[in-house]
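Structure file work30.txt (compact mmCIF, N, CA and C atoms) follows.
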# COMPACT_ATOMS: atom_id res chain seq x y z
N MET A 29 52.77 -15.51 -9.76
CA MET A 29 51.74 -14.51 -9.95
C MET A 29 51.75 -13.56 -8.75
N ASP A 30 51.60 -12.27 -9.03
CA ASP A 30 51.59 -11.26 -7.98
C ASP A 30 50.24 -11.24 -7.28
N LYS A 31 50.27 -11.06 -5.98
CA LYS A 31 49.04 -10.97 -5.20
C LYS A 31 48.81 -9.52 -4.81
N VAL A 32 47.55 -9.17 -4.62
CA VAL A 32 47.19 -7.82 -4.20
C VAL A 32 46.89 -7.85 -2.71
N ARG A 33 47.45 -6.89 -1.99
CA ARG A 33 47.13 -6.77 -0.56
C ARG A 33 46.59 -5.37 -0.31
N THR A 34 45.81 -5.23 0.73
CA THR A 34 45.17 -3.96 1.04
C THR A 34 45.66 -3.45 2.39
N GLU A 35 45.95 -2.17 2.45
CA GLU A 35 46.31 -1.50 3.71
C GLU A 35 45.37 -0.32 3.90
N GLU A 36 45.04 -0.02 5.15
CA GLU A 36 44.19 1.13 5.44
C GLU A 36 44.89 2.04 6.44
N PHE A 37 44.75 3.35 6.22
CA PHE A 37 45.34 4.35 7.10
C PHE A 37 44.25 5.34 7.47
N ARG A 38 44.04 5.58 8.75
CA ARG A 38 43.11 6.62 9.22
C ARG A 38 43.93 7.84 9.56
N ILE A 39 43.61 8.96 8.93
CA ILE A 39 44.40 10.17 9.14
C ILE A 39 43.49 11.39 9.23
N ASP A 40 44.07 12.49 9.68
CA ASP A 40 43.37 13.77 9.66
C ASP A 40 43.39 14.30 8.22
N GLY A 41 42.36 15.06 7.86
CA GLY A 41 42.27 15.61 6.51
C GLY A 41 43.47 16.43 6.11
N ASP A 42 44.06 17.17 7.06
CA ASP A 42 45.20 18.02 6.71
C ASP A 42 46.47 17.23 6.40
N GLN A 43 46.48 15.94 6.69
CA GLN A 43 47.64 15.09 6.40
C GLN A 43 47.46 14.29 5.11
N LEU A 44 46.32 14.46 4.45
CA LEU A 44 45.95 13.62 3.31
C LEU A 44 46.97 13.66 2.17
N VAL A 45 47.27 14.83 1.66
CA VAL A 45 48.16 14.95 0.50
C VAL A 45 49.55 14.39 0.83
N ALA A 46 50.08 14.73 1.99
CA ALA A 46 51.41 14.24 2.38
C ALA A 46 51.44 12.72 2.47
N LYS A 47 50.38 12.12 3.02
CA LYS A 47 50.34 10.66 3.17
C LYS A 47 50.23 9.98 1.81
N VAL A 48 49.43 10.53 0.90
CA VAL A 48 49.32 9.94 -0.43
C VAL A 48 50.66 10.01 -1.16
N LYS A 49 51.37 11.13 -1.05
CA LYS A 49 52.70 11.25 -1.67
C LYS A 49 53.65 10.19 -1.10
N GLU A 50 53.59 10.00 0.21
CA GLU A 50 54.44 9.01 0.87
C GLU A 50 54.12 7.60 0.34
N ILE A 51 52.84 7.30 0.21
CA ILE A 51 52.41 5.98 -0.27
C ILE A 51 52.90 5.75 -1.70
N LEU A 52 52.78 6.77 -2.54
CA LEU A 52 53.21 6.63 -3.93
C LEU A 52 54.71 6.41 -4.05
N LYS A 53 55.49 7.01 -3.16
CA LYS A 53 56.94 6.82 -3.18
C LYS A 53 57.33 5.38 -2.85
N GLU A 54 56.51 4.70 -2.06
CA GLU A 54 56.79 3.32 -1.68
C GLU A 54 56.71 2.38 -2.88
N GLY A 55 55.88 2.73 -3.84
CA GLY A 55 55.77 1.93 -5.07
C GLY A 55 54.80 0.76 -4.94
N ASN A 56 54.62 0.06 -6.06
CA ASN A 56 53.75 -1.12 -6.18
C ASN A 56 52.28 -0.83 -5.85
N VAL A 57 51.85 0.42 -5.99
CA VAL A 57 50.47 0.79 -5.67
C VAL A 57 49.60 0.62 -6.91
N ARG A 58 48.51 -0.13 -6.77
CA ARG A 58 47.56 -0.33 -7.87
C ARG A 58 46.41 0.67 -7.82
N ARG A 59 45.95 0.96 -6.61
CA ARG A 59 44.77 1.81 -6.46
C ARG A 59 44.80 2.46 -5.09
N ILE A 60 44.32 3.71 -5.04
CA ILE A 60 44.15 4.42 -3.77
C ILE A 60 42.70 4.87 -3.70
N ILE A 61 42.07 4.60 -2.58
CA ILE A 61 40.68 5.00 -2.35
C ILE A 61 40.64 5.86 -1.10
N ILE A 62 39.99 7.02 -1.19
CA ILE A 62 39.84 7.91 -0.04
C ILE A 62 38.38 7.85 0.39
N LYS A 63 38.16 7.56 1.69
CA LYS A 63 36.81 7.48 2.23
C LYS A 63 36.65 8.47 3.38
N ASP A 64 35.41 8.93 3.60
CA ASP A 64 35.15 9.79 4.74
C ASP A 64 34.86 8.94 5.98
N ASP A 65 34.52 9.60 7.09
CA ASP A 65 34.26 8.89 8.36
C ASP A 65 33.14 7.87 8.26
N LYS A 66 32.19 8.11 7.37
CA LYS A 66 31.04 7.21 7.23
C LYS A 66 31.31 6.06 6.27
N GLY A 67 32.48 6.05 5.65
CA GLY A 67 32.83 4.99 4.71
C GLY A 67 32.46 5.29 3.27
N THR A 68 31.98 6.49 3.03
CA THR A 68 31.62 6.90 1.66
C THR A 68 32.89 7.16 0.86
N VAL A 69 32.97 6.57 -0.33
CA VAL A 69 34.14 6.78 -1.18
C VAL A 69 34.09 8.19 -1.76
N LEU A 70 35.14 8.97 -1.49
CA LEU A 70 35.23 10.34 -2.00
C LEU A 70 35.97 10.39 -3.33
N ILE A 71 37.00 9.58 -3.46
CA ILE A 71 37.76 9.51 -4.71
C ILE A 71 38.43 8.14 -4.78
N GLU A 72 38.49 7.61 -5.99
CA GLU A 72 39.17 6.34 -6.24
C GLU A 72 40.13 6.57 -7.39
N MET A 73 41.40 6.27 -7.15
CA MET A 73 42.43 6.53 -8.14
C MET A 73 43.12 5.24 -8.55
N PRO A 74 42.74 4.69 -9.70
CA PRO A 74 43.51 3.55 -10.21
C PRO A 74 44.84 4.08 -10.75
N LEU A 75 45.92 3.45 -10.39
CA LEU A 75 47.24 3.94 -10.79
C LEU A 75 47.96 2.90 -11.63
N THR A 76 48.77 3.37 -12.53
CA THR A 76 49.64 2.49 -13.30
C THR A 76 51.07 2.89 -13.01
N VAL A 77 51.99 2.04 -13.33
CA VAL A 77 53.40 2.28 -13.04
C VAL A 77 53.88 3.58 -13.68
N GLY A 78 53.38 3.92 -14.87
CA GLY A 78 53.88 5.09 -15.59
C GLY A 78 53.24 6.41 -15.19
N VAL A 79 52.33 6.42 -14.22
CA VAL A 79 51.65 7.66 -13.86
C VAL A 79 52.53 8.47 -12.92
N VAL A 80 53.05 9.58 -13.45
CA VAL A 80 53.88 10.48 -12.65
C VAL A 80 53.72 11.91 -13.15
N GLY A 81 54.25 12.83 -12.39
CA GLY A 81 54.37 14.22 -12.82
C GLY A 81 53.08 14.92 -13.17
N VAL A 82 53.04 15.49 -14.36
CA VAL A 82 51.94 16.34 -14.80
C VAL A 82 50.61 15.60 -14.77
N VAL A 83 50.61 14.31 -15.05
CA VAL A 83 49.38 13.53 -15.07
C VAL A 83 48.69 13.58 -13.70
N LEU A 84 49.44 13.69 -12.62
CA LEU A 84 48.87 13.68 -11.28
C LEU A 84 48.41 15.06 -10.80
N LEU A 85 48.64 16.12 -11.55
CA LEU A 85 48.24 17.46 -11.10
C LEU A 85 46.75 17.56 -10.76
N PRO A 86 45.84 17.06 -11.58
CA PRO A 86 44.42 17.12 -11.20
C PRO A 86 44.12 16.32 -9.93
N VAL A 87 44.85 15.25 -9.73
CA VAL A 87 44.66 14.43 -8.53
C VAL A 87 45.06 15.21 -7.29
N TRP A 88 46.19 15.93 -7.34
CA TRP A 88 46.64 16.72 -6.19
C TRP A 88 45.62 17.80 -5.86
N ALA A 89 45.04 18.41 -6.91
CA ALA A 89 44.03 19.45 -6.69
C ALA A 89 42.80 18.85 -6.01
N ALA A 90 42.37 17.67 -6.48
CA ALA A 90 41.21 17.01 -5.87
C ALA A 90 41.50 16.61 -4.43
N LEU A 91 42.68 16.10 -4.17
CA LEU A 91 43.04 15.72 -2.80
C LEU A 91 43.08 16.93 -1.88
N GLY A 92 43.57 18.05 -2.39
CA GLY A 92 43.59 19.27 -1.60
C GLY A 92 42.19 19.73 -1.23
N ALA A 93 41.27 19.63 -2.18
CA ALA A 93 39.87 20.01 -1.92
C ALA A 93 39.23 19.07 -0.90
N ILE A 94 39.49 17.78 -1.04
CA ILE A 94 38.95 16.80 -0.08
C ILE A 94 39.51 17.07 1.30
N ALA A 95 40.81 17.32 1.39
CA ALA A 95 41.45 17.58 2.68
C ALA A 95 40.83 18.78 3.37
N ALA A 96 40.43 19.78 2.59
CA ALA A 96 39.82 20.98 3.17
C ALA A 96 38.40 20.70 3.69
N LEU A 97 37.76 19.68 3.16
CA LEU A 97 36.36 19.41 3.51
C LEU A 97 36.17 18.37 4.61
N VAL A 98 37.13 17.48 4.81
CA VAL A 98 36.94 16.41 5.80
C VAL A 98 37.89 16.57 6.98
N ALA A 99 37.40 16.23 8.15
CA ALA A 99 38.24 16.29 9.34
C ALA A 99 39.10 15.03 9.44
N ASN A 100 38.49 13.89 9.18
CA ASN A 100 39.18 12.61 9.23
C ASN A 100 38.81 11.80 8.00
N CYS A 101 39.74 10.96 7.56
CA CYS A 101 39.45 10.13 6.41
C CYS A 101 40.26 8.84 6.51
N THR A 102 39.90 7.91 5.64
CA THR A 102 40.61 6.64 5.56
C THR A 102 41.17 6.51 4.16
N ILE A 103 42.43 6.14 4.08
CA ILE A 103 43.07 5.86 2.80
C ILE A 103 43.18 4.35 2.68
N VAL A 104 42.59 3.80 1.64
CA VAL A 104 42.70 2.36 1.36
C VAL A 104 43.67 2.22 0.20
N VAL A 105 44.70 1.43 0.39
CA VAL A 105 45.74 1.27 -0.61
C VAL A 105 45.80 -0.19 -1.05
N GLU A 106 45.67 -0.42 -2.36
CA GLU A 106 45.87 -1.75 -2.92
C GLU A 106 47.27 -1.79 -3.49
N LYS A 107 48.07 -2.75 -3.02
CA LYS A 107 49.45 -2.87 -3.47
C LYS A 107 49.67 -4.25 -4.06
N LEU A 108 50.58 -4.32 -5.01
CA LEU A 108 51.01 -5.61 -5.53
C LEU A 108 52.06 -6.17 -4.60
N ASP A 109 51.87 -7.40 -4.19
CA ASP A 109 52.85 -8.10 -3.37
C ASP A 109 53.84 -8.75 -4.32
N VAL A 110 54.94 -8.09 -4.58
CA VAL A 110 55.95 -8.59 -5.51
C VAL A 110 56.94 -9.43 -4.73
N PRO A 111 57.27 -10.63 -5.23
CA PRO A 111 58.26 -11.47 -4.54
C PRO A 111 59.58 -10.74 -4.39
N ASP A 112 60.28 -10.99 -3.27
CA ASP A 112 61.56 -10.32 -2.99
C ASP A 112 62.65 -10.71 -3.98
N HIS A 113 62.55 -11.90 -4.52
CA HIS A 113 63.59 -12.34 -5.44
C HIS A 113 62.97 -13.18 -6.57
N ALA A 114 63.68 -13.24 -7.67
CA ALA A 114 63.22 -14.05 -8.80
C ALA A 114 63.47 -15.52 -8.50
N PRO A 115 62.65 -16.40 -9.06
CA PRO A 115 62.87 -17.83 -8.84
C PRO A 115 64.24 -18.26 -9.38
N ASN A 116 64.80 -19.23 -8.75
CA ASN A 116 66.11 -19.75 -9.14
C ASN A 116 65.98 -20.46 -10.47
N MET A 117 66.72 -20.01 -11.47
CA MET A 117 66.62 -20.55 -12.83
C MET A 117 67.80 -21.47 -13.16
N GLU A 118 68.43 -22.05 -12.16
CA GLU A 118 69.60 -22.91 -12.42
C GLU A 118 69.20 -24.25 -12.94
Would you write out, as structure tokens, the structure that this file holds?
Amino acid sequence: MDKVRTEEFRIDGDQLVAKVKEILKEGNVRRIIIKDDKGTVLIEMPLTVGVVGVVLLPVWAALGAIAALVANCTIVVEKLDVPDHAPNME
């Protein structure tokens, strides 16, 4: 069974979109949550494996607006911890 692990990144608002793109490229992301300095959730994005391209356009627009409004933020990333190899079936 896959386990979920959480990572947090504190960044400047102007780095928000670039960091989210970088996180998505890494893969195995279940959810991304953006919080302000006070810990208030600004946006929560549940993601599925098939979410790419045009479907993410509204998300990029929202992230751009958030980046313009906040000086610092925290990105909380939930990732699936996928085993490095399949169990030996011999």
| said: List as a PyMOL selection string the protein and nucleic acid residues near region 54-63 of chain A, meaning an atom at most 8 Å away when all atoms listed in the file are counted, but skip any in the same chain fewer than 4 places from it. | reply: chain A and resi 48-50+67-77+100-110
With all atoms of region 89-93 of chain A from the file as input, state the centre and edge lengths in Å to one decimal of the axis-aligned box that has 4 Å extra on each side, as AutoDock Vina command-line options.
--center_x 42.1 --center_y 17.9 --center_z -3.9 --size_x 13.8 --size_y 12.3 --size_z 14.0
| Rounded to one decimal in Å, what is the spacing between atom C of Gly92 (chain A) and atom C of Thr34 (chain A)? |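 Separating atom C of Gly92 (chain A) from atom C of Thr34 (chain A) is a distance of 23.7 Å.
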| task | Please run DSSP on the backbone and report, as a ChimeraX atom specification, all residues within region 34-99 of chain A that come out as alpha helix (DSSP H). | result | /A:44-54,85-97
| request: Please identify all polymer residues within 7 Å of Val98 (chain A), counting all atoms listed in the file, omitting same-chain residues fewer than 3 positions from it, and present them as an MDAnalysis selection string. | output: chainID A and resid 40:42 64 93:95 101
